[in-house]
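Coordinates from coords.tsv are shown below (TSV, C-alpha atoms).
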chain	number	residue	atom	x	y	z
A	1	MET	CA	17.75	-19.79	5.25
A	2	ALA	CA	16.93	-16.26	4.14
A	3	VAL	CA	17.38	-13.45	6.61
A	4	SER	CA	14.20	-11.38	6.94
A	5	LEU	CA	14.98	-7.69	7.24
A	6	SER	CA	13.20	-4.74	8.72
A	7	LYS	CA	13.53	-1.11	7.68
A	8	GLY	CA	16.95	0.30	8.53
A	9	GLN	CA	18.53	-3.06	9.13
A	10	LYS	CA	22.02	-3.73	7.75
A	11	VAL	CA	23.38	-7.20	7.16
A	12	ASP	CA	26.48	-8.86	5.79
A	13	LEU	CA	26.14	-10.32	2.35
A	14	THR	CA	29.52	-11.63	1.27
A	15	LYS	CA	30.89	-12.27	4.74
A	16	SER	CA	28.13	-14.80	5.44
A	17	ASN	CA	28.18	-16.05	1.85
A	18	PRO	CA	31.87	-16.12	0.88
A	19	THR	CA	31.41	-18.05	-2.36
A	20	LEU	CA	28.78	-15.62	-3.72
A	21	LYS	CA	29.76	-14.37	-7.18
A	22	ASN	CA	26.55	-13.34	-8.90
A	23	ALA	CA	23.65	-12.05	-6.87
A	24	VAL	CA	20.22	-11.54	-8.37
A	25	ILE	CA	18.11	-8.85	-6.81
A	26	GLY	CA	14.42	-9.66	-7.21
A	27	LEU	CA	11.74	-7.04	-6.70
A	28	GLY	CA	8.06	-7.92	-6.47
A	29	TRP	CA	4.68	-6.48	-5.66
A	30	ASP	CA	1.04	-7.38	-6.09
A	31	THR	CA	-1.15	-5.82	-8.71
A	32	ASN	CA	-4.11	-3.80	-7.58
A	33	LYS	CA	-6.95	-6.21	-6.82
A	34	TYR	CA	-9.61	-3.51	-6.99
A	35	ASP	CA	-11.64	-2.55	-10.06
A	36	GLY	CA	-11.50	0.87	-11.60
A	37	GLY	CA	-8.25	2.78	-11.79
A	38	SER	CA	-5.35	2.03	-14.12
A	39	ALA	CA	-2.97	-0.91	-14.13
A	40	PHE	CA	0.23	-0.40	-12.11
A	41	ASP	CA	3.46	-0.34	-14.10
A	42	LEU	CA	6.34	-0.39	-11.67
A	43	ASP	CA	9.86	0.01	-13.01
A	44	ALA	CA	12.86	-1.30	-11.13
A	45	ALA	CA	16.23	0.44	-11.52
A	46	ALA	CA	19.68	0.56	-10.00
A	47	PHE	CA	22.00	3.50	-9.32
A	48	LEU	CA	25.75	2.85	-9.03
A	49	THR	CA	27.16	5.55	-6.78
A	50	ASP	CA	30.21	6.73	-4.90
A	51	GLY	CA	30.42	6.92	-1.15
A	52	ASN	CA	28.33	10.12	-1.17
A	53	GLY	CA	25.47	8.42	-2.97
A	54	LYS	CA	26.08	10.20	-6.27
A	55	VAL	CA	26.57	8.66	-9.71
A	56	SER	CA	29.61	9.60	-11.78
A	57	GLY	CA	27.50	9.88	-14.93
A	58	ASP	CA	24.12	9.12	-16.45
A	59	ALA	CA	25.32	5.68	-17.52
A	60	ASP	CA	25.38	4.66	-13.86
A	61	PHE	CA	21.57	4.65	-13.89
A	62	VAL	CA	20.56	1.16	-15.01
A	63	PHE	CA	16.91	0.90	-16.05
A	64	TYR	CA	14.67	-0.37	-18.87
A	65	ASN	CA	16.36	1.87	-21.45
A	66	ASN	CA	19.89	1.18	-20.21
A	67	LEU	CA	19.85	-2.46	-19.30
A	68	LYS	CA	23.53	-3.21	-18.87
A	69	HIS	CA	26.15	-1.14	-17.09
A	70	THR	CA	29.35	-0.52	-19.09
A	71	SER	CA	31.34	-2.50	-16.52
A	72	GLY	CA	29.08	-5.51	-17.04
A	73	SER	CA	28.55	-5.67	-13.30
A	74	VAL	CA	24.88	-4.70	-13.23
A	75	THR	CA	22.28	-6.01	-15.67
A	76	HIS	CA	18.56	-5.29	-15.57
A	77	LEU	CA	16.73	-8.38	-16.73
A	78	GLY	CA	13.78	-6.62	-18.37
A	79	ASP	CA	10.56	-4.66	-17.92
A	80	ASN	CA	7.36	-6.22	-16.58
A	81	GLN	CA	4.45	-3.97	-17.42
A	82	THR	CA	1.61	-5.42	-15.37
A	83	GLY	CA	3.05	-7.19	-12.34
A	84	GLU	CA	1.20	-10.41	-13.22
A	85	GLY	CA	2.50	-13.67	-11.79
A	86	GLU	CA	4.03	-14.95	-8.56
A	87	GLY	CA	7.53	-14.23	-7.34
A	88	ASP	CA	9.83	-11.55	-8.65
A	89	ASP	CA	8.33	-9.03	-10.99
A	90	GLU	CA	11.66	-7.58	-12.10
A	91	GLN	CA	15.22	-8.70	-11.52
A	92	ILE	CA	18.66	-7.14	-11.59
A	93	ARG	CA	21.80	-9.24	-11.75
A	94	ILE	CA	24.98	-8.13	-9.99
A	95	GLU	CA	28.36	-9.65	-10.80
A	96	LEU	CA	30.22	-8.60	-7.68
A	97	ASP	CA	33.72	-9.06	-9.09
A	98	LYS	CA	33.05	-6.66	-11.94
A	99	VAL	CA	31.76	-3.73	-9.90
A	100	PRO	CA	34.18	-0.85	-10.59
A	101	ALA	CA	36.38	0.06	-7.62
A	102	GLU	CA	35.03	3.60	-7.43
A	103	VAL	CA	31.44	2.34	-7.02
A	104	GLU	CA	30.80	2.16	-3.29
A	105	LYS	CA	27.06	1.59	-3.33
A	106	ILE	CA	24.35	0.21	-5.58
A	107	ALA	CA	20.84	1.39	-4.78
A	108	PHE	CA	17.79	-0.59	-5.91
A	109	THR	CA	14.77	1.51	-6.64
A	110	ALA	CA	11.29	1.35	-8.12
A	111	THR	CA	9.13	4.03	-9.63
A	112	ILE	CA	5.51	4.00	-10.72
A	113	HIS	CA	5.28	4.75	-14.41
A	114	ASP	CA	2.91	7.67	-15.04
A	115	ALA	CA	2.04	7.90	-11.36
A	116	THR	CA	0.62	11.41	-11.46
A	117	ALA	CA	-1.65	10.83	-14.44
A	118	ARG	CA	-2.88	7.54	-12.98
A	119	SER	CA	-3.24	8.95	-9.43
A	120	GLN	CA	-1.11	6.15	-8.04
A	121	ASN	CA	1.37	5.90	-5.20
A	122	PHE	CA	3.16	3.09	-3.39
A	123	GLY	CA	0.54	3.09	-0.63
A	124	GLN	CA	-1.74	1.38	-3.14
A	125	VAL	CA	0.77	-1.35	-3.94
A	126	SER	CA	0.65	-4.39	-1.70
A	127	ASN	CA	3.11	-7.07	-0.69
A	128	ALA	CA	6.18	-5.26	-2.00
A	129	PHE	CA	9.46	-7.03	-1.34
A	130	ILE	CA	13.11	-7.11	-2.37
A	131	ARG	CA	15.16	-10.26	-2.11
A	132	ILE	CA	18.66	-11.33	-2.98
A	133	PHE	CA	19.48	-14.83	-4.15
A	134	ASN	CA	22.63	-16.55	-5.23
A	135	GLU	CA	22.36	-17.02	-9.00
A	136	GLU	CA	24.43	-20.19	-8.95
A	137	THR	CA	22.64	-22.06	-6.16
A	138	ASN	CA	19.28	-20.28	-6.28
A	139	GLU	CA	19.48	-19.93	-2.53
A	140	GLU	CA	17.61	-16.92	-1.19
A	141	LEU	CA	19.94	-15.00	1.08
A	142	LEU	CA	17.79	-12.19	2.34
A	143	ARG	CA	14.38	-10.64	1.95
A	144	TYR	CA	12.88	-7.34	2.98
A	145	ASP	CA	9.08	-6.92	2.93
A	146	LEU	CA	8.47	-3.25	2.78
A	147	SER	CA	4.74	-2.80	2.40
A	148	GLU	CA	4.18	-0.99	5.64
A	149	ASP	CA	7.17	1.26	5.29
A	150	PHE	CA	5.81	3.82	2.86
A	151	SER	CA	2.55	5.42	1.82
A	152	VAL	CA	2.32	8.38	-0.57
A	153	GLU	CA	5.65	8.01	-2.31
A	154	THR	CA	5.83	7.54	-6.07
A	155	ALA	CA	9.51	6.54	-6.14
A	156	LEU	CA	11.09	4.20	-3.63
A	157	VAL	CA	14.57	3.12	-2.65
A	158	PHE	CA	14.08	-0.50	-1.61
A	159	GLY	CA	17.62	-1.08	-0.35
A	160	GLU	CA	21.32	-0.69	-1.08
A	161	LEU	CA	24.28	-2.95	-1.54
A	162	TYR	CA	27.39	-1.21	-0.20
A	163	ARG	CA	31.07	-1.90	0.33
A	164	HIS	CA	32.36	-2.31	3.83
A	165	GLY	CA	36.07	-2.93	3.72
A	166	SER	CA	36.53	-5.83	1.36
A	167	GLU	CA	33.01	-7.11	1.88
A	168	TRP	CA	29.57	-6.24	0.56
A	169	LYS	CA	26.68	-5.53	2.89
A	170	PHE	CA	23.00	-4.79	2.32
A	171	THR	CA	20.84	-2.18	4.00
A	172	ALA	CA	17.01	-2.22	3.95
A	173	ILE	CA	15.89	1.32	3.22
A	174	GLY	CA	12.20	1.39	2.24
A	175	GLY	CA	12.14	5.18	1.90
A	176	GLY	CA	11.26	7.30	-1.07
A	177	PHE	CA	9.99	10.45	-2.64
A	178	GLU	CA	6.67	11.92	-3.67
A	179	GLY	CA	8.28	13.50	-6.71
A	180	GLY	CA	8.62	10.31	-8.76
A	181	LEU	CA	11.54	9.58	-11.02
A	182	GLY	CA	12.61	13.22	-11.08
A	183	ALA	CA	13.09	13.36	-7.33
A	184	LEU	CA	14.75	9.95	-7.29
A	185	CYS	CA	17.30	10.82	-9.98
A	186	GLY	CA	17.96	14.19	-8.36
A	187	ASN	CA	18.77	12.36	-5.16
A	188	PHE	CA	21.46	10.37	-6.94
A	189	GLY	CA	22.90	13.30	-8.84
A	190	ILE	CA	21.14	12.89	-12.20
A	191	ASN	CA	19.21	15.78	-13.66
A	192	ILE	CA	16.37	14.74	-15.95
B	1	MET	CA	-5.72	19.62	13.99
B	2	ALA	CA	-7.00	16.81	11.79
B	3	ILE	CA	-4.65	15.31	9.23
B	4	THR	CA	-6.00	15.18	5.71
B	5	LEU	CA	-5.13	11.94	3.96
B	6	VAL	CA	-4.76	11.07	0.32
B	7	LYS	CA	-5.45	7.73	-1.32
B	8	GLY	CA	-2.78	5.19	-0.44
B	9	GLN	CA	-1.61	7.04	2.62
B	10	LYS	CA	-1.04	5.09	5.81
B	11	ILE	CA	-0.64	6.54	9.25
B	12	ASP	CA	0.17	5.17	12.65
B	13	LEU	CA	-2.75	5.92	14.98
B	14	SER	CA	-0.65	5.39	18.08
B	15	LYS	CA	1.62	8.24	16.93
B	16	GLU	CA	-1.10	10.65	15.76
B	17	SER	CA	-3.35	9.92	18.69
B	18	PRO	CA	-1.49	8.23	21.54
B	19	GLY	CA	-3.78	6.66	24.07
B	20	LEU	CA	-6.68	6.36	21.62
B	21	LYS	CA	-9.16	3.95	23.16
B	22	LYS	CA	-12.38	4.43	21.25
B	23	ALA	CA	-12.78	5.97	17.83
B	24	ILE	CA	-15.84	7.15	15.99
B	25	ILE	CA	-15.57	6.54	12.28
B	26	GLY	CA	-17.87	8.94	10.48
B	27	LEU	CA	-18.80	8.45	6.86
B	28	GLY	CA	-20.58	11.00	4.77
B	29	TRP	CA	-21.60	11.81	1.24
B	30	ASP	CA	-23.91	14.15	-0.53
B	31	ASP	CA	-27.12	12.91	-2.03
B	32	ASN	CA	-27.85	13.28	-5.69
B	33	LYS	CA	-28.59	16.93	-6.36
B	34	TYR	CA	-30.26	16.27	-9.73
B	35	ASP	CA	-34.00	15.82	-10.09
B	36	GLY	CA	-35.80	12.83	-11.45
B	37	ASN	CA	-33.43	10.15	-10.17
B	38	PHE	CA	-33.63	7.61	-7.39
B	39	ASP	CA	-32.40	8.46	-3.95
B	40	PHE	CA	-28.96	7.12	-3.08
B	41	ASP	CA	-29.09	4.68	-0.21
B	42	LEU	CA	-25.51	4.07	0.81
B	43	ASP	CA	-24.86	1.43	3.44
B	44	ALA	CA	-21.75	1.48	5.54
B	45	SER	CA	-20.43	-1.84	6.78
B	46	ALA	CA	-17.31	-3.35	8.26
B	47	PHE	CA	-15.43	-6.61	7.80
B	48	LEU	CA	-13.36	-7.89	10.72
B	49	VAL	CA	-10.63	-10.03	9.22
B	50	GLY	CA	-7.62	-12.02	10.31
B	51	GLU	CA	-4.08	-12.34	8.95
B	52	ASN	CA	-5.28	-13.90	5.71
B	53	ASN	CA	-7.55	-10.93	5.00
B	54	LYS	CA	-10.63	-13.14	5.47
B	55	VAL	CA	-13.39	-13.11	8.08
B	56	ASN	CA	-13.39	-15.89	10.66
B	57	ASN	CA	-17.16	-16.31	10.33
B	58	ASP	CA	-20.26	-14.59	8.92
B	59	LEU	CA	-20.80	-12.56	12.08
B	60	ASP	CA	-17.58	-10.70	11.39
B	61	PHE	CA	-19.51	-8.73	8.77
B	62	ILE	CA	-21.08	-5.75	10.55
B	63	PHE	CA	-23.91	-4.04	8.70
B	64	TYR	CA	-27.46	-2.75	9.19
B	65	ASN	CA	-28.75	-6.24	10.08
B	66	ASN	CA	-25.82	-7.12	12.37
B	67	LEU	CA	-25.03	-3.93	14.19
B	68	VAL	CA	-22.75	-4.95	17.03
B	69	HIS	CA	-19.90	-7.44	16.84
B	70	SER	CA	-20.02	-10.11	19.55
B	71	SER	CA	-16.73	-8.82	20.96
B	72	GLY	CA	-17.91	-5.23	21.15
B	73	PHE	CA	-14.93	-4.21	19.05
B	74	VAL	CA	-16.98	-2.69	16.23
B	75	SER	CA	-20.53	-1.30	16.35
B	76	HIS	CA	-22.59	0.28	13.64
B	77	THR	CA	-24.85	3.06	14.86
B	78	GLY	CA	-27.64	2.64	12.32
B	79	ASP	CA	-28.88	3.02	8.78
B	80	ASN	CA	-29.43	6.36	7.07
B	81	ARG	CA	-31.58	5.90	3.98
B	82	THR	CA	-31.34	9.17	2.15
B	83	GLY	CA	-28.10	10.89	3.02
B	84	GLU	CA	-29.95	13.97	4.23
B	85	GLY	CA	-28.26	16.28	6.65
B	86	GLU	CA	-24.80	17.73	7.25
B	87	GLY	CA	-21.86	15.85	8.69
B	88	ASP	CA	-21.67	12.12	9.11
B	89	ASP	CA	-24.33	10.05	7.41
B	90	GLU	CA	-23.40	6.82	9.15
B	91	GLN	CA	-21.04	6.07	11.98
B	92	MET	CA	-19.15	3.15	13.44
B	93	ILE	CA	-17.58	2.95	16.85
B	94	ILE	CA	-14.30	1.09	17.27
B	95	ASP	CA	-13.38	0.09	20.80
B	96	PHE	CA	-9.72	-0.87	20.46
B	97	GLU	CA	-9.48	-2.52	23.84
B	98	LYS	CA	-12.05	-5.09	22.75
B	99	ALA	CA	-10.27	-6.21	19.59
B	100	PRO	CA	-10.33	-10.01	19.44
B	101	THR	CA	-6.92	-11.61	19.05
B	102	ASN	CA	-7.86	-13.27	15.78
B	103	VAL	CA	-8.84	-9.98	14.16
B	104	ASN	CA	-6.08	-7.74	12.95
B	105	LYS	CA	-7.91	-5.58	10.47
B	106	VAL	CA	-11.24	-3.78	10.14
B	107	ALA	CA	-12.16	-2.82	6.61
B	108	ILE	CA	-14.76	-0.06	6.49
B	109	THR	CA	-16.79	-0.31	3.34
B	110	VAL	CA	-19.79	1.30	1.69
B	111	THR	CA	-22.16	-0.17	-0.85
B	112	ILE	CA	-24.96	1.36	-2.86
B	113	HIS	CA	-28.23	-0.35	-2.08
B	114	ASP	CA	-29.93	-1.58	-5.25
B	115	ALA	CA	-27.21	-0.05	-7.40
B	116	GLU	CA	-27.98	-2.01	-10.53
B	117	THR	CA	-31.71	-1.39	-10.55
B	118	ARG	CA	-31.19	2.29	-9.84
B	119	SER	CA	-28.28	2.54	-12.32
B	120	GLN	CA	-26.07	4.09	-9.69
B	121	ASN	CA	-22.36	3.94	-8.92
B	122	PHE	CA	-20.00	5.84	-6.69
B	123	GLY	CA	-18.99	8.17	-9.50
B	124	GLN	CA	-22.40	9.81	-9.00
B	125	VAL	CA	-21.87	10.38	-5.29
B	126	SER	CA	-20.27	13.62	-4.29
B	127	ASN	CA	-18.27	14.87	-1.34
B	128	ALA	CA	-17.65	11.42	0.09
B	129	PHE	CA	-15.44	11.40	3.16
B	130	VAL	CA	-14.41	9.30	6.11
B	131	ARG	CA	-13.17	10.81	9.36
B	132	LEU	CA	-11.86	9.42	12.60
B	133	GLU	CA	-12.67	11.12	15.86
B	134	ASP	CA	-11.40	10.28	19.32
B	135	GLU	CA	-14.60	9.40	21.16
B	136	THR	CA	-13.21	10.45	24.53
B	137	THR	CA	-11.94	13.91	23.57
B	138	GLY	CA	-14.22	14.64	20.62
B	139	GLN	CA	-11.18	15.61	18.60
B	140	GLU	CA	-11.07	14.82	14.89
B	141	ILE	CA	-7.79	13.01	14.19
B	142	LEU	CA	-7.93	12.49	10.47
B	143	ARG	CA	-10.09	12.93	7.43
B	144	TYR	CA	-9.92	11.36	3.98
B	145	ASP	CA	-11.94	12.91	1.16
B	146	LEU	CA	-12.32	10.28	-1.45
B	147	THR	CA	-14.60	11.66	-4.08
B	148	GLU	CA	-12.06	11.80	-6.88
B	149	ASP	CA	-10.65	8.39	-6.12
B	150	PHE	CA	-13.27	6.18	-7.73
B	151	SER	CA	-15.77	6.17	-10.56
B	152	VAL	CA	-17.70	3.09	-11.66
B	153	GLU	CA	-17.51	1.09	-8.47
B	154	THR	CA	-20.66	0.04	-6.63
B	155	ALA	CA	-18.86	-1.19	-3.53
B	156	LEU	CA	-16.05	0.73	-1.96
B	157	VAL	CA	-13.38	-0.07	0.60
B	158	VAL	CA	-13.11	3.34	2.18
B	159	CYS	CA	-10.33	2.61	4.62
B	160	GLU	CA	-8.73	-0.12	6.66
B	161	ILE	CA	-7.77	0.05	10.31
B	162	TYR	CA	-5.20	-2.65	10.97
B	163	LYS	CA	-2.66	-3.83	13.46
B	164	HIS	CA	1.01	-3.78	12.52
B	165	ASN	CA	3.83	-4.61	14.94
B	166	GLY	CA	1.53	-4.08	17.88
B	167	THR	CA	0.09	-0.70	16.93
B	168	TRP	CA	-3.05	0.26	15.06
B	169	ARG	CA	-2.70	2.01	11.73
B	170	PHE	CA	-5.11	3.65	9.28
B	171	SER	CA	-4.86	3.16	5.55
B	172	ALA	CA	-6.78	5.38	3.11
B	173	VAL	CA	-7.84	2.83	0.53
B	174	GLY	CA	-10.57	4.50	-1.55
B	175	SER	CA	-10.84	1.62	-4.04
B	176	GLY	CA	-13.58	-0.81	-4.74
B	177	PHE	CA	-15.40	-3.18	-6.99
B	178	GLU	CA	-17.92	-2.98	-9.76
B	179	GLY	CA	-19.64	-6.10	-8.51
B	180	GLY	CA	-21.34	-4.51	-5.51
B	181	LEU	CA	-21.76	-6.12	-2.13
B	182	ARG	CA	-21.14	-9.54	-3.60
B	183	SER	CA	-17.60	-8.71	-4.80
B	184	LEU	CA	-16.87	-7.08	-1.52
B	185	CYS	CA	-17.97	-10.12	0.47
B	186	LEU	CA	-16.00	-12.49	-1.73
B	187	ASN	CA	-12.93	-10.32	-1.29
B	188	TYR	CA	-13.12	-10.77	2.45
B	189	GLY	CA	-13.93	-14.47	2.39
B	190	LEU	CA	-17.65	-14.30	3.09
B	191	ASP	CA	-19.68	-16.88	1.21
B	192	VAL	CA	-22.50	-15.43	-0.78
B	193	GLU	CA	-24.96	-17.48	-2.74
Can you turn what I pasted into structure tokens?
Amino acid sequence: MAVSLSKGQKVDLTKSNPTLKNAVIGLGWDTNKYDGGSAFDLDAAAFLTDGNGKVSGDADFVFYNNLKHTSGSVTHLGDNQTGEGEGDDEQIRIELDKVPAEVEKIAFTATIHDATARSQNFGQVSNAFIRIFNEETNEELLRYDLSEDFSVETALVFGELYRHGSEWKFTAIGGGFEGGLGALCGNFGINI
Amino acid sequence: MAITLVKGQKIDLSKESPGLKKAIIGLGWDDNKYDGNFDFDLDASAFLVGENNKVNNDLDFIFYNNLVHSSGFVSHTGDNRTGEGEGDDEQMIIDFEKAPTNVNKVAITVTIHDAETRSQNFGQVSNAFVRLEDETTGQEILRYDLTEDFSVETALVVCEIYKHNGTWRFSAVGSGFEGGLRSLCLNYGLDVE
């Protein structure tokens, strides 16, 4: 049964799920139910970083224009532009065995496309969650509902997968930046 | 000093105002400064809802014809028909100690009376704000100026005061519906004919 996380919580992933090979990270949110205003276009992304939280190059930023990491370990499964539909809005697949040795952490993030022009922030998004499920068995391993954990941010770090010894763990972050994609990338060592 | 909120912002009332027992929610707006148009009659109301974001019964809708909730949790202090005067145009009092256990959110909303007939919408209202004042100390805790946050709506959810993990929080919503009071009621589970 899926573990339900709260902000700041850290849990084992591979220790409690030793046969896990491919994990799919699902991110979801509800579209704005109010009239007026623009549609929300949220974009999920992943940053593969070292122990200091910095990428080794731009190619470590996996997003809608760079769907597959060179190592093959992280694949973004495509852009959803309106958030319609139940369940995951965007998904990222991780093949744990292929993650390069120098990558210590993988951060899962979302940004609001055109947030400033549309006057949008994550406080207006409801029911945001991140979940991890085993691609082979479809079993949901953990879920973090973050809707109350942010308000005026336009870029959010939902959570991170990180190495701990020979295992992988997950930490629920739910923190972000008001400066959108620029601030997010800057945080991970990418200048845009 | 009062915090100024932006649309989407959420704050924890127990942190910003520890010990808050009773709050006055003041809503205000400026009437139409142009000649030759109808007066704006804005009506503030509140929906007391449960976990599923729906009212438990019709009496959970507080408005000018149902001014005080049976629990005493939310009271409306009366209808202002023209928006004349400085400061708050309408006020609600929230007595947190009287919150019923099956209510975990109060949505504070405003509708334009007769909007269709008068061809009015919130885009024509100026200087709309909501503020929260501690009734005991008289201190203003927060203010949210929403005038730029809407345009063609005729019913607005100004803010929501809700319980999360045991504490009360305030969310600056500033979004609404083009369908007037009807859309608003349907959103909160109130049957309208």
Interface, chain B side, toward chain A (6 Å; all atoms listed in the file) as a PyMOL selection string: chain B and resi 8-10+176-177
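Interatomic distance, atom CA of B:Lys54 to atom CA of B:Val152: 24.6 Å.
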Could I get the residues of stretch 13-68 of chain A with an atom no further than 9 Å from an atom of stretch 135-145 of chain A, each paired with its nearest atom pair and that distance in Å to one decimal, using only C-alpha atoms, sorted by chain and residue number, as JSON lines?
{"residue": "A:Leu13", "atom": "CA", "partner": "A:Leu141", "partner_atom": "CA", "distance": 7.9}
{"residue": "A:Asn17", "atom": "CA", "partner": "A:Leu141", "partner_atom": "CA", "distance": 8.3}
{"residue": "A:Leu20", "atom": "CA", "partner": "A:Glu136", "partner_atom": "CA", "distance": 8.2}
{"residue": "A:Lys21", "atom": "CA", "partner": "A:Glu135", "partner_atom": "CA", "distance": 8.1}
{"residue": "A:Asn22", "atom": "CA", "partner": "A:Glu135", "partner_atom": "CA", "distance": 5.6}
{"residue": "A:Ala23", "atom": "CA", "partner": "A:Glu135", "partner_atom": "CA", "distance": 5.6}
{"residue": "A:Val24", "atom": "CA", "partner": "A:Glu135", "partner_atom": "CA", "distance": 5.9}
Spatial sel., origin (27.8, -10.0, -12.9), limit 9 Å, all atoms listed in the file, listed as number ranges by chain: A: 21-24, 72-75, 93-99
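Residues in contact range of stretch 162-173 of chain B, defined as at most 8 Å between all atoms listed in the file, with sequence neighbours fewer than 3 positions away removed, read Gln124 of chain A; Leu5, Val6, Lys7, Gly8, Gln9, Lys10, Ile11, Asp12, Leu13, Ser14, Asn104, Lys105, Val106, Tyr144, Val157, Val158 and Cys159 of chain B.
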Find the smallest box with edges along x, y and z containing every listed atom of stretch 110-126 of chain A, then add 6 Å on each side and report centre and edge lengths in Å to one decimal, as AutoDock Vina command-line options.
--center_x 4.0 --center_y 3.5 --center_z -7.8 --size_x 26.5 --size_y 27.8 --size_z 26.4
Shell of 9 Å around A:Lys169, only C-alpha atoms, local chain residues under 5 positions omitted, as a VMD selection string: chain A and resid 10 to 15 160 to 164
B:Ile25 environment, 10 Å, all atoms listed in the file, sequence neighbours closer than 6 positions dropped, as a PyMOL selection string: chain B and resi 76+88+90-94+108+130-135+140+142-143
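By chain and then residue number, the residues within 8 Å of B:Asp149 are Lys7, Leu146, Gly174 and Ser175 of chain B, counting only C-alpha atoms and disregarding those fewer than 3 positions away in sequence.
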A:Leu146 surroundings by only C-alpha atoms, 9 Å radius, close-in-sequence under 2 positions cut, as a ChimeraX atom specification: /A:6-7,127-130,144,148-150,158,172-174
Straight-line distance linking atom CA of A:Phe63 with atom CA of A:Gly159, stated in Å to one decimal: 15.8 Å
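When all atoms listed in the file are used to measure the gap to B:Cys185, the shortest distance among B:Asp60, B:Asp30, B:Glu16, B:Glu97 belongs to B:Asp60.
Our summary of the geometry notes that atom CA of B:Thr147 is positioned 12.0 Å from atom CA of B:Asn121.
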Exercise: residues within 12 Å of coordinate (29.1, 9.2, 2.3), counting all atoms listed in the file, as a PyMOL selection string: chain A and resi 49-54+103-105+162-163
Residue among B:Ala23, B:Thr109, B:Leu67, B:Phe150 lying closest to B:Asp43, counting only C-alpha atoms: B:Thr109
Residue nearest B:Asp41 among B:Asp95, B:Asp145, B:Glu178, B:Asp114 (counting all atoms listed in the file): B:Asp114
